[in-house]
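Structure record follows, encoded as structure tokens.
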Amino acid sequence: AFFWLVSLLLASLVWFVSVHLSDQGNARLQYGLLVFGAAVSVLLQEAFRFAYFKLLKKADEGLATLSEDGRSPISLRQMAYVSGLSFGIISGVFSVINILADSIGPGVVGIHGDSPYYFITSAFLTMAIVLLHTFWGVIFFDACERRRYWCLGLVVASHLLTSGLTFLNPWYEASLVPIYIITVCMGVWAFVTAGGSCRNILKCLSCKQEDDSRVMMYSALQVPFED
Amino acid sequence: MITFMNNSDSEDEPCNERTSLMSAESPPVPSYQDGLQASEAGEAQTHRKRQTGSSRSPNNVADGDVSDLGVRVRESALENEEEELTLKYGAKHVIMLFVPVTLCMIVVVATIKSVRFYTEKNGQLIYTPFSEDTPSVGQRLLNSVLNTIIMISVIVVMTVFLVVLYKYRCYKFIHGWLILSSLMLLFLFTYIYLGEVLKTYNVAMDYPTVILVIWNFGAVGMICIHWKGPLQLQQAYLIMISALMALVFIKYLPEWSAWVILGAISIYDLMAVLCPKGPLRMLVETAQERNEPIFPALIYSSAMIWTVGMAKQDTAARGPSQQTWDADARENHSSPSHSDSQISETRSPVPSHPITSLEELEEEERGVKLGLGDFIFYSVLVGKAAATPSGDWNTTLACFVAILIGLCLTLLLLAVFKKALPALPISITFGLIFYFSTDNLVRPFMDTLASHQLYI
């Protein structure tokens, strides 16, 4: 969360400086600068996610050397999940908390001609963003670990795409639906990256007590676990 | 508001104290055998002694036969284990401190956002005599700096006074002072707080009920804090009085003075704890020499040991350490609002008794202590962020995250350095940076994005 905040801070600084250096009366220019600021912010967020990955990798190595069996107590996948989740939470909270605070007060939504569905769509968008950040975290860390840089590029591109889609915003069909499609795709991708498969889901859902799995676990202990 | 100016007199003492952290690994209450040596030695030495002490444990016979290499390997293995334990407990300590700090901040922010009283300007404390209602910016800045100088000098004087009293063993005076201040906090400030909350929600309450409620709250609080009580109730009371104190500061410190004071007090904290002649450092060292914990109830402790309960388990082995704790518990060292020192005490068991039940006790006892002044100043920062006229929640959240990360880093440094550390500087620095940058840079950005419903 701290890393996300720092990235937001830097992006705001860039936007602020650009706004103050430019002509404040020109509405189109200001909108353009806003788009620019949003793009810079997305890129900075991903850059800080990478920096966080580096930091966690170092910490992971340190923990591994200190522990008894040479493995760190938290796997890199768990760290990826936590990192993605925390990015998502802080991002979602920052986007929505002021809206929530305003929604308590007296007022009428969209009285000046804006959409009356502002609150509900904001809620859905925030949920999508939180989920997306979680999935992106998992995919990103795995991609960095296995050095699959095309995956990294795809994550950054999809983030930019999502942010760009929100620019279509009062036209909710064009923004919400694609964003949710992207969310579902990212979710499936992250699930597969984390080692899930149809068999795992079925096994989990069936809640069967498999005796032979205990034997398998024992033999798995002998083999060094590779992430 | 003359009455408040006088009342806050003894309330400022809470903030004088040591805002210092001490490592979980450093034994301020050294084990009986190491008693004499540990009181002179620094952290590193005691650490080494504990290692050699533990290598004198049941492995003794084997050690004697093994070559130098073997001994060195064993020592490095022990060192590794120590480090691992340090990190493991370090992480646990972080979590144990996050919860009370968060709770205190939540109480303060909730009150600030709902009760108008604490954001209204109704006069100033006697310690900040210069008003900030001046027309020019330069004059206002000058006034706030002067206010800060006065406030910090009052705090320094009080702290030095307290250290002198402690050195000359005037315990009764200190206890009386602390009891008086906690009485005031628990009764008067709670009464005012209750009154304002009831006013905000327009709920009527008759005087007999108020008297009953306040009397019970205050009396139980005094008993819990100064004597004995369930750990969680004591923690809850300490959090509540920290929140009340923070609210008083938020109300009565003028805008700019509050920020300058926060900055100045973290610098003071840094100097007072780390400089060799700093009052807080002298206090900690004196307490270590005398083998006493420093005012245990002025500090928030996450794992209190009640010897009455523990006595039954391991009397033989824990005999010596138990005696030290019994003495402490009876000595009424608990006065809440003053010491800001964070002292994590390890009660390292006597090394020659590696009984498992002992180790279990050991794990429970490795609590972390954080001074109440730290709670107060963290909450003041977050409360001031919440009280900004723009009503922005992002600023409050950013400050909250910044303070918690600062606390995390401080605890990490504690695990590395294993000596008394100030808890304020890093957190307050991060908090201040994030407050000013979020309020001025991020807020317009996020507001503009939200007005177009853009997400980043």
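Every chain in the structure tokens has a letter given in the order shown (A, B, ...), and although residue numbers restart at 1 in each chain, ligands are simply numbered from 1 in the order shown.
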
Residues of chain B no more than 9 Å from chain A, counting only C-alpha atoms: send them over as a PyMOL selection string. chain B and resi 80-81+83-84+87+391-394+397-398+401-402+405+434+437-438+441-450+452-456

For Thr209 in chain B, please output as an MDAnalysis selection string all residues within 12 Å (counting only C-alpha atoms; exclusion window: fewer than 6 positions along the same chain). chainID B and resid 191 194 215:216

Would you save the residues from that selection as a PDB file, in the first residue's frame, using all heavy atoms?
ATOM      1  N   TYR B 191     -15.819  13.170  31.035  1.00  0.00           N
ATOM      2  CA  TYR B 191     -17.105  13.847  31.230  1.00  0.00           C
ATOM      3  C   TYR B 191     -17.383  14.806  30.081  1.00  0.00           C
ATOM      4  O   TYR B 191     -18.473  14.831  29.513  1.00  0.00           O
ATOM      5  CB  TYR B 191     -17.058  14.577  32.570  1.00  0.00           C
ATOM      6  CG  TYR B 191     -18.219  15.487  32.821  1.00  0.00           C
ATOM      7  CD1 TYR B 191     -19.500  14.969  33.042  1.00  0.00           C
ATOM      8  CD2 TYR B 191     -18.056  16.868  32.852  1.00  0.00           C
ATOM      9  CE1 TYR B 191     -20.566  15.803  33.276  1.00  0.00           C
ATOM     10  CE2 TYR B 191     -19.120  17.702  33.089  1.00  0.00           C
ATOM     11  CZ  TYR B 191     -20.373  17.173  33.299  1.00  0.00           C
ATOM     12  OH  TYR B 191     -21.422  18.007  33.523  1.00  0.00           O
ATOM     13  N   LEU B 194     -18.049  12.819  26.882  1.00  0.00           N
ATOM     14  CA  LEU B 194     -19.398  12.251  26.883  1.00  0.00           C
ATOM     15  C   LEU B 194     -20.431  13.330  26.603  1.00  0.00           C
ATOM     16  O   LEU B 194     -21.363  13.135  25.808  1.00  0.00           O
ATOM     17  CB  LEU B 194     -19.661  11.584  28.240  1.00  0.00           C
ATOM     18  CG  LEU B 194     -20.976  10.828  28.371  1.00  0.00           C
ATOM     19  CD1 LEU B 194     -20.959   9.630  27.454  1.00  0.00           C
ATOM     20  CD2 LEU B 194     -21.190  10.382  29.811  1.00  0.00           C
ATOM     21  N   TRP B 215     -18.444   7.717  37.141  1.00  0.00           N
ATOM     22  CA  TRP B 215     -17.801   7.185  38.326  1.00  0.00           C
ATOM     23  C   TRP B 215     -17.282   5.784  38.091  1.00  0.00           C
ATOM     24  O   TRP B 215     -16.139   5.455  38.400  1.00  0.00           O
ATOM     25  CB  TRP B 215     -18.755   7.205  39.516  1.00  0.00           C
ATOM     26  CG  TRP B 215     -18.227   6.437  40.669  1.00  0.00           C
ATOM     27  CD1 TRP B 215     -18.698   5.256  41.150  1.00  0.00           C
ATOM     28  CD2 TRP B 215     -17.089   6.762  41.472  1.00  0.00           C
ATOM     29  NE1 TRP B 215     -17.945   4.816  42.195  1.00  0.00           N
ATOM     30  CE2 TRP B 215     -16.944   5.731  42.406  1.00  0.00           C
ATOM     31  CE3 TRP B 215     -16.175   7.818  41.482  1.00  0.00           C
ATOM     32  CZ2 TRP B 215     -15.931   5.711  43.358  1.00  0.00           C
ATOM     33  CZ3 TRP B 215     -15.162   7.808  42.435  1.00  0.00           C
ATOM     34  CH2 TRP B 215     -15.053   6.767  43.353  1.00  0.00           C
ATOM     35  N   ASN B 216     -18.131   4.935  37.500  1.00  0.00           N
ATOM     36  CA  ASN B 216     -17.707   3.559  37.264  1.00  0.00           C
ATOM     37  C   ASN B 216     -16.546   3.500  36.291  1.00  0.00           C
ATOM     38  O   ASN B 216     -15.556   2.804  36.512  1.00  0.00           O
ATOM     39  CB  ASN B 216     -18.884   2.731  36.729  1.00  0.00           C
ATOM     40  CG  ASN B 216     -19.786   2.288  37.839  1.00  0.00           C
ATOM     41  OD1 ASN B 216     -19.302   1.894  38.897  1.00  0.00           O
ATOM     42  ND2 ASN B 216     -21.080   2.377  37.643  1.00  0.00           N
TER      43      ASN B 216
END

DSSP on the backbone, alpha helix (DSSP H) only: what residues of range 102-214 of chain A does that give? Format it as a ChimeraX atom specification. /A:102-104,118-146,149-165,172-193,198-206,211-214

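Interatomic distance, CA of Ser266 in chain B against CA of Ser427 in chain B: 9.0 Å.
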
CA of Val177 in chain A to CA of Val130 in chain A measures 16.0 Å

Atom pair CA of Tyr118 in chain B / CA of Thr190 in chain B: separation (Å):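 The value is 13.4 Å.
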